[in-house]
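> There's a structure below that I have some questions on.
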Amino acid sequence: MYSINKRKITKIANIKQNRFLELAKLGGLIFNTNDLARIWNIKNRNSLLTTLKRYVGDGLIYRIYRGLYSLKKVEDLDPLVLGAKAINSYCYLSGETVLAKHGVIFQRINYTTFIGQKTKRFQIGSQPYYLRQLKDKYLYNDTGVDKTGKVNEASLERAVADILYFNPHYHFDNQKTINTVELKKIQQAVYNI
């Protein structure tokens, strides 16, 4: 007859509880597998993946994208933070997303645009993303990039400078809101134009 060792069950429950307490202390909701391995001090990759599979099965954590897990369901997460976390390298919100936000372009943008180290299109849940590749010497020049919010975000003028770098003939529906003096400063500082 199979007997259940109560000490073992209590120990496993305490380990689970401590792991999720560690995540709660960090205050974040979205973690990649490398973050979780470090936070939980799990060095064996197979052990980590098995643990995550069990936690997902138990409904304690959600797998939301390749190598990305969350304490909440994907539809309950901020899509900007989710996109930046999924990119998993330095990036900032820019391009059409920022232009539409400031009313510089009127067409509806069906994806969220980030600038980063490579070009990639991907979708998480119902939210599509577009990551545009920018050379490192321009990407890491943070002139006109606000790093104080939940995600790094280009100012309107930096987003315009980025778009013009990719397409010098880009059409802006409402140019009146663009500070051309600031735009020229950013183009000179970032792109040497």
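Every chain in the structure tokens takes a letter, A first, then B, and so on in the order presented; its residues are numbered from 1, and the ligands are numbered from 1 following the presented order.
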Could you pull out the helix (DSSP H, G or I) residues of range 45-137 of chain A from DSSP and send them as a CSV table (one decimal) with N, CA and C atoms, in the first residue's frame?


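Result written to selection-v4.csv:
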```csv
chain,number,residue,atom,x,y,z
A,45,ARG,N,18.4,23.0,-16.2
A,45,ARG,CA,17.4,23.5,-17.1
A,45,ARG,C,16.2,22.6,-17.2
A,46,ASN,N,16.4,21.3,-17.2
A,46,ASN,CA,15.3,20.3,-17.2
A,46,ASN,C,14.5,20.4,-16.0
A,47,SER,N,15.1,20.6,-14.8
A,47,SER,CA,14.3,20.7,-13.6
A,47,SER,C,13.5,22.0,-13.6
A,48,LEU,N,14.0,23.1,-14.2
A,48,LEU,CA,13.3,24.3,-14.3
A,48,LEU,C,12.1,24.1,-15.2
A,49,LEU,N,12.3,23.5,-16.3
A,49,LEU,CA,11.2,23.4,-17.3
A,49,LEU,C,10.1,22.4,-16.8
A,50,THR,N,10.5,21.4,-16.1
A,50,THR,CA,9.6,20.5,-15.4
A,50,THR,C,8.8,21.2,-14.4
A,51,THR,N,9.5,22.0,-13.5
A,51,THR,CA,8.8,22.8,-12.5
A,51,THR,C,7.8,23.7,-13.1
A,52,LEU,N,8.2,24.4,-14.2
A,52,LEU,CA,7.3,25.4,-14.8
A,52,LEU,C,6.1,24.7,-15.4
A,53,LYS,N,6.3,23.5,-16.0
A,53,LYS,CA,5.2,22.8,-16.6
A,53,LYS,C,4.2,22.4,-15.6
A,54,ARG,N,4.7,22.0,-14.4
A,54,ARG,CA,3.8,21.6,-13.3
A,54,ARG,C,3.0,22.8,-12.8
A,55,TYR,N,3.7,23.9,-12.6
A,55,TYR,CA,3.1,25.1,-12.1
A,55,TYR,C,2.0,25.7,-13.1
A,56,VAL,N,2.3,25.6,-14.4
A,56,VAL,CA,1.3,25.9,-15.4
A,56,VAL,C,0.1,25.0,-15.3
A,57,GLY,N,0.4,23.7,-15.2
A,57,GLY,CA,-0.7,22.7,-15.1
A,57,GLY,C,-1.6,23.0,-13.8
A,74,VAL,N,-2.6,36.5,-20.0
A,74,VAL,CA,-2.1,37.4,-21.0
A,74,VAL,C,-3.1,38.6,-21.2
A,75,GLU,N,-4.4,38.4,-21.2
A,75,GLU,CA,-5.3,39.5,-21.4
A,75,GLU,C,-5.4,40.5,-20.3
A,76,ASP,N,-4.8,40.1,-19.1
A,76,ASP,CA,-4.8,41.0,-18.0
A,76,ASP,C,-3.5,41.8,-17.9
A,79,PRO,N,-0.1,45.5,-22.6
A,79,PRO,CA,0.5,45.0,-23.8
A,79,PRO,C,1.9,45.6,-24.2
A,80,LEU,N,2.1,46.9,-23.7
A,80,LEU,CA,3.4,47.5,-23.9
A,80,LEU,C,4.5,46.8,-23.1
A,81,VAL,N,4.3,46.5,-21.9
A,81,VAL,CA,5.2,45.8,-21.0
A,81,VAL,C,5.4,44.4,-21.5
A,82,LEU,N,4.4,43.8,-21.9
A,82,LEU,CA,4.4,42.4,-22.5
A,82,LEU,C,5.3,42.4,-23.7
A,83,GLY,N,5.1,43.3,-24.6
A,83,GLY,CA,5.9,43.3,-25.8
A,83,GLY,C,7.4,43.5,-25.5
A,84,ALA,N,7.7,44.5,-24.6
A,84,ALA,CA,9.1,44.8,-24.3
A,84,ALA,C,9.7,43.5,-23.6
A,85,LYS,N,9.0,42.9,-22.7
A,85,LYS,CA,9.5,41.7,-22.1
A,85,LYS,C,9.8,40.5,-23.1
A,86,ALA,N,8.9,40.4,-24.0
A,86,ALA,CA,9.0,39.3,-25.0
A,86,ALA,C,10.2,39.5,-25.9
A,87,ILE,N,10.6,40.8,-26.2
A,87,ILE,CA,11.7,41.1,-27.0
A,87,ILE,C,13.0,40.7,-26.2
A,95,GLY,N,8.3,54.6,-33.6
A,95,GLY,CA,7.6,54.4,-34.9
A,95,GLY,C,6.2,54.8,-34.9
A,96,GLU,N,5.4,54.1,-35.6
A,96,GLU,CA,4.0,54.4,-35.9
A,96,GLU,C,3.2,54.4,-34.6
A,97,THR,N,3.6,53.6,-33.6
A,97,THR,CA,2.8,53.6,-32.3
A,97,THR,C,2.9,55.0,-31.6
A,98,VAL,N,4.1,55.6,-31.6
A,98,VAL,CA,4.2,56.9,-31.0
A,98,VAL,C,3.6,58.0,-31.8
A,99,LEU,N,3.8,57.8,-33.2
A,99,LEU,CA,3.2,58.8,-34.1
A,99,LEU,C,1.7,58.9,-33.9
A,100,ALA,N,1.1,57.7,-33.9
A,100,ALA,CA,-0.4,57.6,-33.8
A,100,ALA,C,-0.8,58.2,-32.4
A,101,LYS,N,-0.1,57.9,-31.4
A,101,LYS,CA,-0.4,58.4,-30.0
A,101,LYS,C,-0.4,59.9,-30.0
A,136,ASP,N,23.3,49.4,-33.7
A,136,ASP,CA,23.7,49.6,-32.3
A,136,ASP,C,24.1,51.0,-32.0
A,137,LYS,N,24.9,51.6,-32.8
A,137,LYS,CA,25.4,53.0,-32.6
A,137,LYS,C,24.2,54.0,-32.5
```

> Pick out the residues sitting within 9 Å of Tyr90 in chain A, and hand them over as a VMD selection string; count only C-alpha atoms, and ignore anything fewer than 4 positions along from it in its own chain.

chain A and resid 84 115 to 117 139 to 140 152

> Next, the residues of the selection above should be written as a compact mmCIF listing (two decimals), in the first residue's frame with N, CA and C atoms.


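This went into again-v2.txt:
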```
# COMPACT_ATOMS: atom_id res chain seq x y z
N ALA A 84 7.71 44.49 -24.65
CA ALA A 84 9.11 44.76 -24.29
C ALA A 84 9.74 43.55 -23.61
N ILE A 115 11.68 49.54 -31.39
CA ILE A 115 12.97 49.59 -32.07
C ILE A 115 13.93 48.76 -31.22
N GLY A 116 14.71 47.89 -31.87
CA GLY A 116 15.63 47.03 -31.14
C GLY A 116 16.77 46.54 -32.02
N GLN A 117 17.37 45.42 -31.62
CA GLN A 117 18.57 44.90 -32.28
C GLN A 117 18.29 44.05 -33.51
N LEU A 139 20.81 52.81 -31.85
CA LEU A 139 19.89 52.22 -30.88
C LEU A 139 20.25 52.63 -29.45
N TYR A 140 21.52 52.56 -29.11
CA TYR A 140 21.93 52.83 -27.74
C TYR A 140 22.18 54.32 -27.45
N ASN A 152 10.67 51.80 -22.08
CA ASN A 152 11.39 52.91 -22.70
C ASN A 152 10.55 53.39 -23.88
```

> Got a sec: who's within 10 Å of range 103-111 of chain A, counting only C-alpha atoms, leaving out chain neighbours fewer than 3 positions off, as a PyMOL selection string?

chain A and resi 96-100+114+121-123+127-131+156+160+171-178

> Can you spit out the residues from that selection as an mmCIF file, in the first residue's frame, using N, CA and C atoms?


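Final output, selection06.cif:
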```cif
data_model
loop_
_atom_site.group_PDB
_atom_site.id
_atom_site.type_symbol
_atom_site.label_atom_id
_atom_site.label_comp_id
_atom_site.auth_asym_id
_atom_site.auth_seq_id
_atom_site.Cartn_x
_atom_site.Cartn_y
_atom_site.Cartn_z
ATOM 1 N N GLU A 96 5.403 54.072 -35.640
ATOM 2 C CA GLU A 96 3.992 54.371 -35.863
ATOM 3 C C GLU A 96 3.184 54.423 -34.574
ATOM 4 N N THR A 97 3.559 53.621 -33.591
ATOM 5 C CA THR A 97 2.819 53.613 -32.323
ATOM 6 C C THR A 97 2.887 54.974 -31.649
ATOM 7 N N VAL A 98 4.075 55.553 -31.589
ATOM 8 C CA VAL A 98 4.241 56.865 -30.962
ATOM 9 C C VAL A 98 3.637 57.958 -31.840
ATOM 10 N N LEU A 99 3.799 57.837 -33.150
ATOM 11 C CA LEU A 99 3.218 58.845 -34.060
ATOM 12 C C LEU A 99 1.688 58.869 -33.947
ATOM 13 N N ALA A 100 1.065 57.712 -33.906
ATOM 14 C CA ALA A 100 -0.394 57.647 -33.769
ATOM 15 C C ALA A 100 -0.831 58.191 -32.407
ATOM 16 N N PHE A 114 8.234 48.605 -31.795
ATOM 17 C CA PHE A 114 9.424 48.813 -30.981
ATOM 18 C C PHE A 114 10.633 48.914 -31.890
ATOM 19 N N ARG A 121 8.554 40.155 -36.320
ATOM 20 C CA ARG A 121 7.111 40.313 -36.147
ATOM 21 C C ARG A 121 6.640 39.134 -35.306
ATOM 22 N N PHE A 122 5.834 39.420 -34.298
ATOM 23 C CA PHE A 122 5.318 38.350 -33.461
ATOM 24 C C PHE A 122 3.994 38.780 -32.851
ATOM 25 N N GLN A 123 3.295 37.820 -32.307
ATOM 26 C CA GLN A 123 1.995 38.086 -31.714
ATOM 27 C C GLN A 123 1.886 37.331 -30.398
ATOM 28 N N GLN A 127 -2.511 40.462 -29.543
ATOM 29 C CA GLN A 127 -1.736 41.683 -29.773
ATOM 30 C C GLN A 127 -0.525 41.429 -30.679
ATOM 31 N N PRO A 128 -0.507 42.029 -31.896
ATOM 32 C CA PRO A 128 0.657 41.899 -32.771
ATOM 33 C C PRO A 128 1.717 42.969 -32.458
ATOM 34 N N TYR A 129 2.968 42.596 -32.669
ATOM 35 C CA TYR A 129 4.105 43.480 -32.419
ATOM 36 C C TYR A 129 5.015 43.490 -33.630
ATOM 37 N N TYR A 130 5.699 44.617 -33.799
ATOM 38 C CA TYR A 130 6.680 44.745 -34.864
ATOM 39 C C TYR A 130 7.928 45.361 -34.253
ATOM 40 N N LEU A 131 9.016 44.638 -34.323
ATOM 41 C CA LEU A 131 10.310 45.109 -33.827
ATOM 42 C C LEU A 131 11.169 45.464 -35.027
ATOM 43 N N LEU A 156 8.062 62.179 -29.299
ATOM 44 C CA LEU A 156 7.494 62.332 -30.638
ATOM 45 C C LEU A 156 8.595 62.609 -31.655
ATOM 46 N N VAL A 160 9.794 60.420 -34.899
ATOM 47 C CA VAL A 160 9.833 60.974 -36.262
ATOM 48 C C VAL A 160 11.221 60.761 -36.868
ATOM 49 N N HIS A 171 5.153 59.862 -45.077
ATOM 50 C CA HIS A 171 4.140 60.922 -45.060
ATOM 51 C C HIS A 171 3.542 61.062 -43.659
ATOM 52 N N PHE A 172 3.572 62.273 -43.129
ATOM 53 C CA PHE A 172 2.968 62.581 -41.834
ATOM 54 C C PHE A 172 1.678 63.347 -42.087
ATOM 55 N N ASP A 173 0.583 62.900 -41.509
ATOM 56 C CA ASP A 173 -0.718 63.522 -41.722
ATOM 57 C C ASP A 173 -0.843 64.873 -41.022
ATOM 58 N N ASN A 174 -0.214 65.008 -39.865
ATOM 59 C CA ASN A 174 -0.328 66.233 -39.071
ATOM 60 C C ASN A 174 1.065 66.661 -38.604
ATOM 61 N N GLN A 175 1.734 67.446 -39.417
ATOM 62 C CA GLN A 175 3.104 67.863 -39.112
ATOM 63 C C GLN A 175 3.164 68.998 -38.089
ATOM 64 N N LYS A 176 2.032 69.643 -37.825
ATOM 65 C CA LYS A 176 2.005 70.808 -36.935
ATOM 66 C C LYS A 176 2.444 70.471 -35.506
ATOM 67 N N THR A 177 2.226 69.249 -35.086
ATOM 68 C CA THR A 177 2.564 68.881 -33.703
ATOM 69 C C THR A 177 4.044 68.535 -33.518
ATOM 70 N N ILE A 178 4.781 68.428 -34.618
ATOM 71 C CA ILE A 178 6.204 68.084 -34.542
ATOM 72 C C ILE A 178 7.027 69.351 -34.303
#
```

> Could you tell me how far CA of Ala161 in chain A lies from CA of Asp146 in chain A, in Å and to one decimal?

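Between CA of Ala161 in chain A and CA of Asp146 in chain A the gap is 14.9 Å.
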
> Can you tell me, as a PyMOL selection string, which residues in range 6-193 of chain A count as strand (DSSP E) by DSSP?

chain A and resi 30-32+62-65+68-70+92-93+112-116+120-124+127-133+145-146+153-154

> What does the file look like for those residues with C-alpha atoms, as a PDB file, in the first residue's frame?


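So the final result, stored in result_26.pdb, reads:
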```pdb
ATOM      1  CA  ILE A  30       6.237  38.808 -16.323  1.00  0.00           C
ATOM      2  CA  PHE A  31       9.377  36.669 -16.169  1.00  0.00           C
ATOM      3  CA  ASN A  32      11.465  34.785 -18.689  1.00  0.00           C
ATOM      4  CA  TYR A  62       0.815  31.186 -17.105  1.00  0.00           C
ATOM      5  CA  ARG A  63       2.965  30.462 -20.137  1.00  0.00           C
ATOM      6  CA  ILE A  64       2.311  33.440 -22.397  1.00  0.00           C
ATOM      7  CA  TYR A  65       5.005  33.167 -25.068  1.00  0.00           C
ATOM      8  CA  LEU A  68       7.908  33.882 -21.043  1.00  0.00           C
ATOM      9  CA  TYR A  69       5.713  33.312 -18.011  1.00  0.00           C
ATOM     10  CA  SER A  70       3.357  35.489 -16.025  1.00  0.00           C
ATOM     11  CA  TYR A  92      12.084  51.209 -26.925  1.00  0.00           C
ATOM     12  CA  LEU A  93       8.588  52.047 -28.132  1.00  0.00           C
ATOM     13  CA  THR A 112       2.793  47.953 -31.526  1.00  0.00           C
ATOM     14  CA  THR A 113       6.150  49.154 -32.848  1.00  0.00           C
ATOM     15  CA  PHE A 114       9.424  48.813 -30.981  1.00  0.00           C
ATOM     16  CA  ILE A 115      12.974  49.587 -32.069  1.00  0.00           C
ATOM     17  CA  GLY A 116      15.631  47.029 -31.144  1.00  0.00           C
ATOM     18  CA  LYS A 120      10.884  40.585 -35.887  1.00  0.00           C
ATOM     19  CA  ARG A 121       7.111  40.313 -36.147  1.00  0.00           C
ATOM     20  CA  PHE A 122       5.318  38.350 -33.461  1.00  0.00           C
ATOM     21  CA  GLN A 123       1.995  38.086 -31.714  1.00  0.00           C
ATOM     22  CA  ILE A 124       1.084  37.375 -28.098  1.00  0.00           C
ATOM     23  CA  GLN A 127      -1.736  41.683 -29.773  1.00  0.00           C
ATOM     24  CA  PRO A 128       0.657  41.899 -32.771  1.00  0.00           C
ATOM     25  CA  TYR A 129       4.105  43.480 -32.419  1.00  0.00           C
ATOM     26  CA  TYR A 130       6.680  44.745 -34.864  1.00  0.00           C
ATOM     27  CA  LEU A 131      10.310  45.109 -33.827  1.00  0.00           C
ATOM     28  CA  ARG A 132      12.448  47.176 -36.194  1.00  0.00           C
ATOM     29  CA  GLN A 133      16.193  46.668 -36.294  1.00  0.00           C
ATOM     30  CA  VAL A 145      14.115  58.247 -25.273  1.00  0.00           C
ATOM     31  CA  ASP A 146      12.266  58.407 -21.954  1.00  0.00           C
ATOM     32  CA  GLU A 153       9.538  55.255 -25.051  1.00  0.00           C
ATOM     33  CA  ALA A 154      10.680  57.603 -27.791  1.00  0.00           C
TER      34      ALA A 154
END
```

> Just give me the gap between CA of Lys73 in chain A and CA of Lys147 in chain A in Å, one decimal is fine.

26.0 Å

> Mind checking which residues fall within 12 Å of Lys184 in chain A, counting only C-alpha atoms, ignoring those fewer than 3 positions away in the same chain, and posting them as a PDB file with C-alpha atoms, in the first residue's frame?


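That gives us selection_30.pdb:
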```
ATOM      1  CA  THR A 143      18.642  61.041 -26.980  1.00  0.00           C
ATOM      2  CA  GLY A 144      14.883  61.562 -27.005  1.00  0.00           C
ATOM      3  CA  GLU A 157      10.534  63.907 -32.278  1.00  0.00           C
ATOM      4  CA  ARG A 158      12.714  60.809 -31.712  1.00  0.00           C
ATOM      5  CA  VAL A 160       9.833  60.974 -36.262  1.00  0.00           C
ATOM      6  CA  ALA A 161      13.635  60.839 -36.571  1.00  0.00           C
ATOM      7  CA  ASP A 162      13.502  57.028 -36.396  1.00  0.00           C
ATOM      8  CA  LEU A 164      12.697  59.208 -41.339  1.00  0.00           C
ATOM      9  CA  ILE A 178       6.204  68.084 -34.542  1.00  0.00           C
ATOM     10  CA  ASN A 179       8.746  70.444 -32.974  1.00  0.00           C
ATOM     11  CA  THR A 180      11.091  70.818 -35.951  1.00  0.00           C
ATOM     12  CA  VAL A 181      13.868  72.442 -33.893  1.00  0.00           C
ATOM     13  CA  GLN A 187      18.589  63.851 -35.974  1.00  0.00           C
ATOM     14  CA  GLN A 188      21.994  65.477 -35.516  1.00  0.00           C
ATOM     15  CA  ALA A 189      22.690  63.860 -32.146  1.00  0.00           C
ATOM     16  CA  VAL A 190      21.540  60.356 -33.098  1.00  0.00           C
ATOM     17  CA  TYR A 191      21.885  59.992 -36.868  1.00  0.00           C
ATOM     18  CA  ASN A 192      24.475  62.709 -37.650  1.00  0.00           C
ATOM     19  CA  ILE A 193      22.092  64.250 -40.196  1.00  0.00           C
TER      20      ILE A 193
END
```

> Find, counting only C-alpha atoms, the residue in A:Ile163, A:Ser155, A:Pro168, A:Gly59 that gets nearest to Glu182 in chain A.

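Closest to Glu182 in chain A of all the choices is A:Ser155.
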
> How far is it from CA of Asp142 in chain A to CA of Ile186 in chain A, in Å with one decimal?

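So the two atoms, CA of Asp142 in chain A and CA of Ile186 in chain A, lie 9.8 Å apart.
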
> Which one is closest to Arg66 in chain A: A:Thr33, A:Ser89, A:Asn41, A:Ser94? Count only C-alpha atoms.

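Closest candidate: A:Thr33.
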